[in-house]
file model_12.tsv (TSV, N, CA and C atoms)
chain	number	residue	atom	x	y	z
A	1167	GLY	N	-10.66	-15.47	-91.92
A	1167	GLY	CA	-11.07	-14.61	-92.96
A	1167	GLY	C	-10.39	-13.27	-92.86
A	1168	VAL	N	-10.83	-12.38	-93.67
A	1168	VAL	CA	-10.24	-11.05	-93.76
A	1168	VAL	C	-11.35	-10.02	-93.85
A	1169	SER	N	-11.15	-8.90	-93.19
A	1169	SER	CA	-12.09	-7.78	-93.33
A	1169	SER	C	-11.41	-6.68	-94.13
A	1170	ILE	N	-12.16	-6.14	-95.08
A	1170	ILE	CA	-11.65	-5.12	-95.99
A	1170	ILE	C	-12.45	-3.84	-95.78
A	1171	ALA	N	-11.77	-2.70	-95.87
A	1171	ALA	CA	-12.45	-1.40	-95.77
A	1171	ALA	C	-13.54	-1.30	-96.83
A	1172	ASN	N	-14.62	-0.60	-96.48
A	1172	ASN	CA	-15.76	-0.45	-97.38
A	1172	ASN	C	-15.46	0.41	-98.60
A	1173	ASN	N	-14.49	1.29	-98.50
A	1173	ASN	CA	-14.20	2.24	-99.57
A	1173	ASN	C	-12.74	2.15	-99.99
A	1174	PRO	N	-12.44	2.59	-101.23
A	1174	PRO	CA	-11.04	2.59	-101.68
A	1174	PRO	C	-10.18	3.35	-100.69
A	1175	PRO	N	-9.00	2.88	-100.42
A	1175	PRO	CA	-8.24	1.88	-101.18
A	1175	PRO	C	-8.48	0.43	-100.78
A	1176	PHE	N	-9.57	0.07	-100.16
A	1176	PHE	CA	-9.91	-1.30	-99.81
A	1176	PHE	C	-8.79	-1.98	-99.02
A	1177	THR	N	-8.44	-1.37	-97.90
A	1177	THR	CA	-7.37	-1.91	-97.06
A	1177	THR	C	-7.87	-3.01	-96.13
A	1178	VAL	N	-6.97	-3.91	-95.78
A	1178	VAL	CA	-7.27	-4.98	-94.83
A	1178	VAL	C	-7.34	-4.36	-93.44
A	1179	VAL	N	-8.46	-4.59	-92.74
A	1179	VAL	CA	-8.65	-4.03	-91.41
A	1179	VAL	C	-8.63	-5.09	-90.31
A	1180	SER	N	-8.80	-6.37	-90.66
A	1180	SER	CA	-8.63	-7.44	-89.68
A	1180	SER	C	-8.41	-8.76	-90.41
A	1181	ILE	N	-7.77	-9.70	-89.69
A	1181	ILE	CA	-7.44	-10.99	-90.26
A	1181	ILE	C	-7.67	-12.06	-89.20
A	1182	SER	N	-8.39	-13.13	-89.56
A	1182	SER	CA	-8.55	-14.27	-88.66
A	1182	SER	C	-9.01	-15.48	-89.47
A	1183	GLU	N	-8.42	-16.61	-89.20
A	1183	GLU	CA	-8.80	-17.86	-89.84
A	1183	GLU	C	-8.79	-17.80	-91.36
A	1184	LEU	N	-7.84	-17.10	-91.93
A	1184	LEU	CA	-7.67	-17.07	-93.38
A	1184	LEU	C	-7.01	-18.38	-93.79
A	1185	MET	N	-7.56	-19.06	-94.80
A	1185	MET	CA	-7.06	-20.38	-95.19
A	1185	MET	C	-6.71	-20.44	-96.66
A	1186	ASP	N	-5.70	-21.28	-96.97
A	1186	ASP	CA	-5.37	-21.53	-98.37
A	1186	ASP	C	-6.27	-22.64	-98.91
A	1187	GLU	N	-6.06	-23.00	-100.17
A	1187	GLU	CA	-6.93	-23.98	-100.81
A	1187	GLU	C	-6.89	-25.36	-100.17
A	1188	TYR	N	-5.88	-25.62	-99.33
A	1188	TYR	CA	-5.76	-26.91	-98.65
A	1188	TYR	C	-6.28	-26.87	-97.21
A	1189	GLY	N	-6.79	-25.71	-96.78
A	1189	GLY	CA	-7.32	-25.57	-95.44
A	1189	GLY	C	-6.28	-25.18	-94.40
A	1190	ASN	N	-5.05	-24.86	-94.85
A	1190	ASN	CA	-4.00	-24.41	-93.93
A	1190	ASN	C	-4.19	-22.94	-93.59
A	1191	THR	N	-4.01	-22.57	-92.34
A	1191	THR	CA	-4.14	-21.18	-91.92
A	1191	THR	C	-3.01	-20.36	-92.53
A	1192	ILE	N	-3.37	-19.22	-93.11
A	1192	ILE	CA	-2.39	-18.37	-93.78
A	1192	ILE	C	-2.54	-16.91	-93.34
A	1193	ASN	N	-2.91	-16.71	-92.10
A	1193	ASN	CA	-3.08	-15.34	-91.59
A	1193	ASN	C	-1.84	-14.49	-91.76
A	1194	ASP	N	-0.66	-15.11	-91.77
A	1194	ASP	CA	0.59	-14.36	-91.84
A	1194	ASP	C	0.93	-13.88	-93.25
A	1195	ARG	N	0.13	-14.21	-94.23
A	1195	ARG	CA	0.44	-13.82	-95.61
A	1195	ARG	C	-0.17	-12.48	-96.01
A	1196	VAL	N	-1.12	-12.02	-95.23
A	1196	VAL	CA	-1.75	-10.73	-95.47
A	1196	VAL	C	-1.58	-9.91	-94.20
A	1197	ARG	N	-1.32	-8.61	-94.34
A	1197	ARG	CA	-1.12	-7.76	-93.16
A	1197	ARG	C	-2.16	-6.66	-93.13
A	1198	LEU	N	-2.40	-6.17	-91.92
A	1198	LEU	CA	-3.29	-5.01	-91.77
A	1198	LEU	C	-2.72	-3.87	-92.61
A	1199	GLY	N	-3.58	-3.19	-93.34
A	1199	GLY	CA	-3.15	-2.07	-94.18
A	1199	GLY	C	-2.82	-2.45	-95.60
A	1200	ASP	N	-2.67	-3.76	-95.90
A	1200	ASP	CA	-2.46	-4.16	-97.29
A	1200	ASP	C	-3.69	-3.73	-98.08
A	1201	GLU	N	-3.48	-3.37	-99.35
A	1201	GLU	CA	-4.56	-2.89	-100.20
A	1201	GLU	C	-4.98	-3.96	-101.20
A	1202	LEU	N	-6.27	-4.25	-101.25
A	1202	LEU	CA	-6.81	-5.21	-102.22
A	1202	LEU	C	-6.82	-4.55	-103.60
A	1203	LEU	N	-6.12	-5.17	-104.56
A	1203	LEU	CA	-6.05	-4.62	-105.91
A	1203	LEU	C	-7.00	-5.33	-106.87
A	1204	ASP	N	-7.00	-6.66	-106.83
A	1204	ASP	CA	-7.78	-7.46	-107.78
A	1204	ASP	C	-8.48	-8.61	-107.08
A	1205	VAL	N	-9.61	-9.01	-107.65
A	1205	VAL	CA	-10.35	-10.20	-107.21
A	1205	VAL	C	-10.53	-11.07	-108.44
A	1206	ASN	N	-9.90	-12.23	-108.44
A	1206	ASN	CA	-9.97	-13.14	-109.59
A	1206	ASN	C	-9.64	-12.41	-110.89
A	1207	GLY	N	-8.62	-11.56	-110.87
A	1207	GLY	CA	-8.15	-10.87	-112.06
A	1207	GLY	C	-8.90	-9.61	-112.43
A	1208	ILE	N	-9.90	-9.23	-111.65
A	1208	ILE	CA	-10.67	-8.01	-111.93
A	1208	ILE	C	-10.26	-6.94	-110.93
A	1209	ARG	N	-9.90	-5.76	-111.44
A	1209	ARG	CA	-9.49	-4.66	-110.55
A	1209	ARG	C	-10.58	-4.35	-109.55
A	1210	ALA	N	-10.21	-4.26	-108.27
A	1210	ALA	CA	-11.19	-3.95	-107.21
A	1210	ALA	C	-11.88	-2.62	-107.48
A	1211	LEU	N	-11.16	-1.64	-108.00
A	1211	LEU	CA	-11.74	-0.33	-108.28
A	1211	LEU	C	-12.78	-0.38	-109.40
A	1212	ASP	N	-12.75	-1.42	-110.24
A	1212	ASP	CA	-13.71	-1.57	-111.33
A	1212	ASP	C	-14.96	-2.34	-110.91
A	1213	ILE	N	-14.95	-2.87	-109.70
A	1213	ILE	CA	-16.10	-3.63	-109.21
A	1213	ILE	C	-17.01	-2.69	-108.44
A	1214	PRO	N	-18.30	-2.63	-108.80
A	1214	PRO	CA	-19.22	-1.76	-108.05
A	1214	PRO	C	-19.17	-2.10	-106.56
A	1215	PRO	N	-19.19	-1.07	-105.70
A	1215	PRO	CA	-19.06	-1.29	-104.26
A	1215	PRO	C	-19.97	-2.37	-103.70
A	1216	GLY	N	-21.19	-2.43	-104.14
A	1216	GLY	CA	-22.12	-3.42	-103.63
A	1216	GLY	C	-21.81	-4.83	-104.09
A	1217	GLN	N	-20.93	-4.98	-105.09
A	1217	GLN	CA	-20.62	-6.30	-105.63
A	1217	GLN	C	-19.26	-6.83	-105.20
A	1218	LEU	N	-18.44	-6.00	-104.56
A	1218	LEU	CA	-17.11	-6.43	-104.17
A	1218	LEU	C	-17.17	-7.64	-103.24
A	1219	ALA	N	-18.02	-7.58	-102.24
A	1219	ALA	CA	-18.14	-8.69	-101.29
A	1219	ALA	C	-18.60	-9.96	-101.99
A	1220	GLN	N	-19.53	-9.82	-102.91
A	1220	GLN	CA	-20.04	-10.98	-103.62
A	1220	GLN	C	-18.98	-11.60	-104.51
A	1221	ARG	N	-18.11	-10.78	-105.08
A	1221	ARG	CA	-17.03	-11.30	-105.94
A	1221	ARG	C	-16.00	-12.07	-105.12
A	1222	ILE	N	-15.75	-11.59	-103.91
A	1222	ILE	CA	-14.76	-12.25	-103.06
A	1222	ILE	C	-15.38	-13.51	-102.44
A	1223	ALA	N	-16.58	-13.37	-101.96
A	1223	ALA	CA	-17.27	-14.51	-101.34
A	1223	ALA	C	-17.80	-15.42	-102.44
A	1224	GLY	N	-18.17	-16.60	-102.07
A	1224	GLY	CA	-18.71	-17.56	-103.02
A	1224	GLY	C	-19.02	-18.85	-102.30
A	1225	PRO	N	-19.31	-19.87	-103.07
A	1225	PRO	CA	-19.66	-21.15	-102.45
A	1225	PRO	C	-18.54	-21.69	-101.58
A	1226	ALA	N	-18.90	-22.19	-100.41
A	1226	ALA	CA	-17.92	-22.80	-99.51
A	1226	ALA	C	-17.20	-23.92	-100.25
A	1227	GLY	N	-15.88	-24.00	-100.01
A	1227	GLY	CA	-15.07	-25.03	-100.64
A	1227	GLY	C	-14.41	-24.58	-101.93
A	1228	THR	N	-14.81	-23.41	-102.44
A	1228	THR	CA	-14.15	-22.87	-103.64
A	1228	THR	C	-13.08	-21.88	-103.19
A	1229	THR	N	-12.27	-21.44	-104.15
A	1229	THR	CA	-11.20	-20.50	-103.83
A	1229	THR	C	-11.39	-19.20	-104.60
A	1230	VAL	N	-10.69	-18.18	-104.14
A	1230	VAL	CA	-10.69	-16.88	-104.79
A	1230	VAL	C	-9.25	-16.37	-104.81
A	1231	ALA	N	-8.85	-15.81	-105.95
A	1231	ALA	CA	-7.52	-15.22	-106.09
A	1231	ALA	C	-7.62	-13.74	-105.72
A	1232	LEU	N	-6.81	-13.32	-104.77
A	1232	LEU	CA	-6.81	-11.93	-104.31
A	1232	LEU	C	-5.41	-11.36	-104.48
A	1233	ARG	N	-5.33	-10.24	-105.17
A	1233	ARG	CA	-4.04	-9.58	-105.36
A	1233	ARG	C	-4.00	-8.35	-104.48
A	1234	PHE	N	-2.91	-8.22	-103.71
A	1234	PHE	CA	-2.74	-7.14	-102.76
A	1234	PHE	C	-1.48	-6.34	-103.05
A	1235	LEU	N	-1.47	-5.12	-102.49
A	1235	LEU	CA	-0.28	-4.27	-102.47
A	1235	LEU	C	0.08	-4.02	-101.02
A	1236	ASP	N	1.34	-4.26	-100.68
A	1236	ASP	CA	1.85	-3.88	-99.36
A	1236	ASP	C	2.37	-2.46	-99.55
A	1237	PRO	N	1.65	-1.44	-99.04
A	1237	PRO	CA	2.05	-0.05	-99.29
A	1237	PRO	C	3.38	0.34	-98.63
A	1238	GLY	N	3.81	-0.43	-97.64
A	1238	GLY	CA	5.09	-0.13	-97.00
A	1238	GLY	C	6.28	-0.47	-97.87
A	1239	THR	N	6.15	-1.58	-98.62
A	1239	THR	CA	7.25	-2.05	-99.46
A	1239	THR	C	6.95	-1.91	-100.95
A	1240	MET	N	5.71	-1.58	-101.28
A	1240	MET	CA	5.22	-1.50	-102.65
A	1240	MET	C	5.25	-2.88	-103.34
A	1241	ARG	N	5.28	-3.92	-102.54
A	1241	ARG	CA	5.28	-5.29	-103.05
A	1241	ARG	C	3.86	-5.71	-103.38
A	1242	VAL	N	3.67	-6.27	-104.57
A	1242	VAL	CA	2.38	-6.80	-104.99
A	1242	VAL	C	2.45	-8.32	-104.87
A	1243	PHE	N	1.41	-8.92	-104.31
A	1243	PHE	CA	1.38	-10.37	-104.14
A	1243	PHE	C	-0.05	-10.88	-104.29
A	1244	THR	N	-0.15	-12.15	-104.63
A	1244	THR	CA	-1.45	-12.79	-104.82
A	1244	THR	C	-1.57	-13.98	-103.88
A	1245	ILE	N	-2.76	-14.15	-103.33
A	1245	ILE	CA	-3.05	-15.30	-102.49
A	1245	ILE	C	-4.24	-16.05	-103.09
A	1246	GLN	N	-4.33	-17.34	-102.82
A	1246	GLN	CA	-5.51	-18.14	-103.13
A	1246	GLN	C	-6.14	-18.44	-101.78
A	1247	ALA	N	-7.35	-17.96	-101.56
A	1247	ALA	CA	-8.01	-18.14	-100.27
A	1247	ALA	C	-9.19	-19.10	-100.42
A	1248	LEU	N	-9.37	-19.90	-99.40
A	1248	LEU	CA	-10.46	-20.86	-99.37
A	1248	LEU	C	-11.70	-20.20	-98.79
A	1249	ARG	N	-12.79	-20.31	-99.50
A	1249	ARG	CA	-14.07	-19.84	-98.98
A	1249	ARG	C	-14.61	-20.98	-98.13
A	1250	HIS	N	-14.68	-20.77	-96.81
A	1250	HIS	CA	-15.05	-21.87	-95.95
A	1250	HIS	C	-16.16	-21.58	-94.96
A	1251	LEU	N	-16.61	-20.35	-94.85
A	1251	LEU	CA	-17.74	-20.04	-93.97
A	1251	LEU	C	-18.76	-19.20	-94.72
A	1252	PRO	N	-20.02	-19.27	-94.32
A	1252	PRO	CA	-21.05	-18.47	-94.98
A	1252	PRO	C	-20.81	-16.98	-94.79
A	1253	PHE	N	-21.08	-16.22	-95.83
A	1253	PHE	CA	-20.94	-14.77	-95.78
A	1253	PHE	C	-22.23	-14.17	-95.28
A	1254	ASN	N	-22.12	-13.17	-94.39
A	1254	ASN	CA	-23.30	-12.49	-93.88
A	1254	ASN	C	-23.07	-11.00	-93.95
A	1255	ASN	N	-23.77	-10.35	-94.85
A	1255	ASN	CA	-23.63	-8.91	-95.03
A	1255	ASN	C	-24.86	-8.20	-94.48
A	1256	ASN	N	-25.61	-8.88	-93.59
A	1256	ASN	CA	-26.85	-8.34	-93.02
A	1256	ASN	C	-27.84	-7.95	-94.11
A	1257	ASN	N	-27.78	-8.65	-95.23
A	1257	ASN	CA	-28.68	-8.40	-96.34
A	1257	ASN	C	-29.41	-9.70	-96.63
A	1258	PRO	N	-30.70	-9.78	-96.34
A	1258	PRO	CA	-31.43	-11.03	-96.53
A	1258	PRO	C	-31.44	-11.51	-97.96
A	1259	ARG	N	-31.18	-10.63	-98.93
A	1259	ARG	CA	-31.19	-11.04	-100.32
A	1259	ARG	C	-29.83	-11.53	-100.79
A	1260	SER	N	-28.80	-11.35	-99.97
A	1260	SER	CA	-27.47	-11.82	-100.34
A	1260	SER	C	-27.40	-13.33	-100.20
A	1261	PRO	N	-26.77	-14.00	-101.18
A	1261	PRO	CA	-26.61	-15.45	-101.05
A	1261	PRO	C	-25.62	-15.76	-99.95
A	1262	PRO	N	-25.71	-16.95	-99.36
A	1262	PRO	CA	-24.74	-17.31	-98.33
A	1262	PRO	C	-23.35	-17.28	-98.92
A	1263	MET	N	-22.41	-16.66	-98.19
A	1263	MET	CA	-21.04	-16.56	-98.66
A	1263	MET	C	-20.09	-16.69	-97.50
A	1264	PRO	N	-18.83	-17.03	-97.79
A	1264	PRO	CA	-17.83	-17.13	-96.74
A	1264	PRO	C	-17.67	-15.81	-96.04
A	1265	SER	N	-17.35	-15.84	-94.75
A	1265	SER	CA	-17.15	-14.60	-94.02
A	1265	SER	C	-15.75	-14.54	-93.47
A	1266	GLY	N	-15.32	-13.38	-93.04
A	1266	GLY	CA	-13.99	-13.26	-92.48
A	1266	GLY	C	-13.21	-12.20	-93.20
A	1267	VAL	N	-13.71	-11.77	-94.35
A	1267	VAL	CA	-13.02	-10.75	-95.12
A	1267	VAL	C	-13.97	-9.60	-95.31
A	1268	GLY	N	-13.62	-8.47	-94.86
A	1268	GLY	CA	-14.43	-7.28	-95.02
A	1268	GLY	C	-15.59	-7.51	-95.94
A	1269	PRO	N	-15.57	-6.94	-97.15
A	1269	PRO	CA	-16.68	-7.07	-98.07
A	1269	PRO	C	-16.81	-8.45	-98.67
A	1270	THR	N	-15.77	-9.25	-98.61
A	1270	THR	CA	-15.86	-10.58	-99.20
A	1270	THR	C	-14.97	-11.56	-98.48
A	1271	ASN	N	-14.95	-12.78	-98.94
A	1271	ASN	CA	-14.10	-13.79	-98.31
A	1271	ASN	C	-12.76	-13.85	-99.01
A	1272	LEU	N	-11.71	-14.06	-98.25
A	1272	LEU	CA	-10.38	-14.11	-98.83
A	1272	LEU	C	-9.69	-15.42	-98.56
A	1273	MET	N	-8.81	-15.77	-99.47
A	1273	MET	CA	-7.94	-16.92	-99.30
A	1273	MET	C	-6.54	-16.44	-99.61
A	1274	SER	N	-5.51	-17.09	-99.06
A	1274	SER	CA	-4.16	-16.62	-99.32
A	1274	SER	C	-3.21	-17.72	-99.64
A	1275	SER	N	-2.10	-17.34	-100.24
A	1275	SER	CA	-1.05	-18.31	-100.47
A	1275	SER	C	0.35	-17.74	-100.36
A	1276	TYR	N	0.54	-16.39	-100.33
A	1276	TYR	CA	1.91	-15.89	-100.26
A	1276	TYR	C	2.03	-14.50	-99.68
A	1277	HIS	N	2.82	-14.34	-98.64
A	1277	HIS	CA	3.16	-13.03	-98.09
A	1277	HIS	C	4.18	-13.23	-97.01
A	1278	SER	N	5.08	-12.29	-96.85
A	1278	SER	CA	6.12	-12.40	-95.84
A	1278	SER	C	5.52	-12.28	-94.45
A	1279	ALA	N	5.82	-13.24	-93.61
A	1279	ALA	CA	5.31	-13.22	-92.24
A	1279	ALA	C	6.18	-12.37	-91.34
A	1280	GLN	N	7.31	-11.88	-91.85
A	1280	GLN	CA	8.23	-11.14	-91.01
A	1280	GLN	C	7.94	-9.65	-90.98
A	1281	SER	N	7.05	-9.17	-91.85
A	1281	SER	CA	6.74	-7.75	-91.87
A	1281	SER	C	5.82	-7.42	-90.71
A	1282	PRO	N	6.02	-6.28	-90.05
A	1282	PRO	CA	5.15	-5.92	-88.93
A	1282	PRO	C	3.76	-5.56	-89.41
A	1283	GLN	N	2.78	-5.77	-88.55
A	1283	GLN	CA	1.40	-5.43	-88.89
A	1283	GLN	C	1.19	-3.94	-88.71
A	1284	ARG	N	0.41	-3.35	-89.63
A	1284	ARG	CA	0.08	-1.93	-89.55
A	1284	ARG	C	-1.30	-1.78	-88.95
A	1285	PRO	N	-1.57	-0.66	-88.29
A	1285	PRO	CA	-2.91	-0.45	-87.72
A	1285	PRO	C	-3.94	-0.24	-88.82
A	1286	PRO	N	-5.17	-0.64	-88.60
A	1286	PRO	CA	-6.22	-0.46	-89.61
A	1286	PRO	C	-6.47	1.02	-89.85
A	1287	SER	N	-6.86	1.32	-91.11
A	1287	SER	CA	-7.08	2.71	-91.46
A	1287	SER	C	-8.54	3.12	-91.43
A	1288	ARG	N	-9.46	2.15	-91.46
A	1288	ARG	CA	-10.89	2.48	-91.45
A	1288	ARG	C	-11.71	1.23	-91.16
A	1289	GLU	N	-12.98	1.43	-90.91
A	1289	GLU	CA	-13.89	0.32	-90.65
A	1289	GLU	C	-14.04	-0.51	-91.93
A	1290	GLY	N	-14.42	-1.77	-91.78
A	1290	GLY	CA	-14.54	-2.62	-92.94
A	1290	GLY	C	-15.70	-3.59	-92.84
A	1291	ILE	N	-15.80	-4.41	-93.85
A	1291	ILE	CA	-16.82	-5.44	-93.94
A	1291	ILE	C	-16.11	-6.77	-93.83
A	1292	THR	N	-16.64	-7.70	-93.08
A	1292	THR	CA	-16.01	-9.01	-92.97
A	1292	THR	C	-16.38	-9.85	-94.17
A	1293	LEU	N	-15.32	-10.39	-94.83
A	1293	LEU	CA	-15.54	-11.14	-96.04
A	1293	LEU	C	-15.32	-12.62	-95.90
A	1294	LEU	N	-14.20	-13.05	-95.39
A	1294	LEU	CA	-13.88	-14.46	-95.28
A	1294	LEU	C	-13.63	-14.81	-93.83
A	1295	SER	N	-14.04	-15.97	-93.46
A	1295	SER	CA	-13.68	-16.41	-92.11
A	1295	SER	C	-13.60	-17.89	-92.06

call {"tool": "encode", "arguments": {"input": "model_12.tsv", "output": "structure tokens"}}
result
Amino acid sequence: GVSIANNPPFTVVSISELMDEYGNTINDRVRLGDELLDVNGIRALDIPPGQLAQRIAGPAGTTVALRFLDPGTMRVFTIQALRHLPFNNNNPRSPPMPSGVGPTNLMSSYHSAQSPQRPPSREGITLLS
């Protein structure tokens, strides 16, 4: 999964067990410091903070389209991530969702694995795992 910072610019702060729609590990497609721009075509900045995780997370076995910006290269890319683990936001009223991505669960499908990883810029919420 992926952990995303709680506040804009919604940067990736950790990556582990991120999977594509076929269950293949795609940790190398997203880098620390990449900025989440869109979730399923909706601008991340337009999603209320409390709903970002819910938009990314969802029923296990489904996918989510995540669009990122690599601030080092200004490259924009989209991944399809598999929601494969329950999400836990320490909120008893939250529905079970995939974990591993900061505020929500992430799936990926494309990013250069040759770019170096950047250090995280702030604490985040685990979304997909």

call {"tool": "closest_residue", "arguments": {"input": "model_12.tsv", "among": "A:Pro1225, A:Val1242, A:Val1230, A:Pro1174", "to": "A:Leu1211", "atoms": "only N, CA and C atoms"}}
result
A:Pro1174

call {"tool": "residues_near_point", "arguments": {"input": "model_12.tsv", "point": "(-6.7, -7.5, -91.3)", "cutoff": "8 Å", "atoms": "only N, CA and C atoms", "output": "ChimeraX atom specification"}}
result
/A:1167-1170,1177-1182,1196-1200,1268,1286

call {"tool": "write_last_selection", "arguments": {"input": "model_12.tsv", "atoms": "N, CA and C atoms", "output": "mmCIF file, keeping the file's coordinate frame"}}
result
data_model
loop_
_atom_site.group_PDB
_atom_site.id
_atom_site.type_symbol
_atom_site.label_atom_id
_atom_site.label_comp_id
_atom_site.auth_asym_id
_atom_site.auth_seq_id
_atom_site.Cartn_x
_atom_site.Cartn_y
_atom_site.Cartn_z
ATOM 1 N N GLY A 1167 -10.660 -15.470 -91.920
ATOM 2 C CA GLY A 1167 -11.070 -14.610 -92.960
ATOM 3 C C GLY A 1167 -10.390 -13.270 -92.860
ATOM 4 N N VAL A 1168 -10.830 -12.380 -93.670
ATOM 5 C CA VAL A 1168 -10.240 -11.050 -93.760
ATOM 6 C C VAL A 1168 -11.350 -10.020 -93.850
ATOM 7 N N SER A 1169 -11.150 -8.900 -93.190
ATOM 8 C CA SER A 1169 -12.090 -7.780 -93.330
ATOM 9 C C SER A 1169 -11.410 -6.680 -94.130
ATOM 10 N N ILE A 1170 -12.160 -6.140 -95.080
ATOM 11 C CA ILE A 1170 -11.650 -5.120 -95.990
ATOM 12 C C ILE A 1170 -12.450 -3.840 -95.780
ATOM 13 N N THR A 1177 -8.440 -1.370 -97.900
ATOM 14 C CA THR A 1177 -7.370 -1.910 -97.060
ATOM 15 C C THR A 1177 -7.870 -3.010 -96.130
ATOM 16 N N VAL A 1178 -6.970 -3.910 -95.780
ATOM 17 C CA VAL A 1178 -7.270 -4.980 -94.830
ATOM 18 C C VAL A 1178 -7.340 -4.360 -93.440
ATOM 19 N N VAL A 1179 -8.460 -4.590 -92.740
ATOM 20 C CA VAL A 1179 -8.650 -4.030 -91.410
ATOM 21 C C VAL A 1179 -8.630 -5.090 -90.310
ATOM 22 N N SER A 1180 -8.800 -6.370 -90.660
ATOM 23 C CA SER A 1180 -8.630 -7.440 -89.680
ATOM 24 C C SER A 1180 -8.410 -8.760 -90.410
ATOM 25 N N ILE A 1181 -7.770 -9.700 -89.690
ATOM 26 C CA ILE A 1181 -7.440 -10.990 -90.260
ATOM 27 C C ILE A 1181 -7.670 -12.060 -89.200
ATOM 28 N N SER A 1182 -8.390 -13.130 -89.560
ATOM 29 C CA SER A 1182 -8.550 -14.270 -88.660
ATOM 30 C C SER A 1182 -9.010 -15.480 -89.470
ATOM 31 N N VAL A 1196 -1.120 -12.020 -95.230
ATOM 32 C CA VAL A 1196 -1.750 -10.730 -95.470
ATOM 33 C C VAL A 1196 -1.580 -9.910 -94.200
ATOM 34 N N ARG A 1197 -1.320 -8.610 -94.340
ATOM 35 C CA ARG A 1197 -1.120 -7.760 -93.160
ATOM 36 C C ARG A 1197 -2.160 -6.660 -93.130
ATOM 37 N N LEU A 1198 -2.400 -6.170 -91.920
ATOM 38 C CA LEU A 1198 -3.290 -5.010 -91.770
ATOM 39 C C LEU A 1198 -2.720 -3.870 -92.610
ATOM 40 N N GLY A 1199 -3.580 -3.190 -93.340
ATOM 41 C CA GLY A 1199 -3.150 -2.070 -94.180
ATOM 42 C C GLY A 1199 -2.820 -2.450 -95.600
ATOM 43 N N ASP A 1200 -2.670 -3.760 -95.900
ATOM 44 C CA ASP A 1200 -2.460 -4.160 -97.290
ATOM 45 C C ASP A 1200 -3.690 -3.730 -98.080
ATOM 46 N N GLY A 1268 -13.620 -8.470 -94.860
ATOM 47 C CA GLY A 1268 -14.430 -7.280 -95.020
ATOM 48 C C GLY A 1268 -15.590 -7.510 -95.940
ATOM 49 N N PRO A 1286 -5.170 -0.640 -88.600
ATOM 50 C CA PRO A 1286 -6.220 -0.460 -89.610
ATOM 51 C C PRO A 1286 -6.470 1.020 -89.850
#

call {"tool": "closest_residue", "arguments": {"input": "model_12.tsv", "among": "A:Asn1206, A:Arg1221, A:Pro1214, A:Glu1201", "to": "A:Gly1238", "atoms": "only C-alpha atoms"}}
result
A:Glu1201

call {"tool": "atom_distance", "arguments": {"input": "model_12.tsv", "atom1": "atom N of A:Glu1183", "atom2": "atom C of A:Asp1212"}}
result
26.8 Å

call {"tool": "closest_residue", "arguments": {"input": "model_12.tsv", "among": "A:Met1185, A:Phe1176, A:Ile1213, A:Gln1220", "to": "A:Arg1249", "atoms": "only N, CA and C atoms"}}
result
A:Met1185

call {"tool": "closest_residue", "arguments": {"input": "model_12.tsv", "among": "A:Gly1224, A:Ala1247, A:Arg1241, A:Asp1204", "to": "A:Leu1184", "atoms": "only N, CA and C atoms"}}
result
A:Ala1247

call {"tool": "axis_aligned_box", "arguments": {"input": "model_12.tsv", "around": "stretch 1238-1246 of chain A", "padding_each_side": "3 Å", "output": "JSON"}}
result
{"center_x": 0.6, "center_y": -9.3, "center_z": -101.0, "size_x": 19.4, "size_y": 24.3, "size_z": 14.0}

call {"tool": "atom_distance", "arguments": {"input": "model_12.tsv", "atom1": "atom C of A:Tyr1188", "atom2": "atom C of A:Val1205"}}
result
19.8 Å

call {"tool": "atom_distance", "arguments": {"input": "model_12.tsv", "atom1": "atom C of A:Leu1203", "atom2": "atom N of A:Asn1173"}}
result
13.0 Å
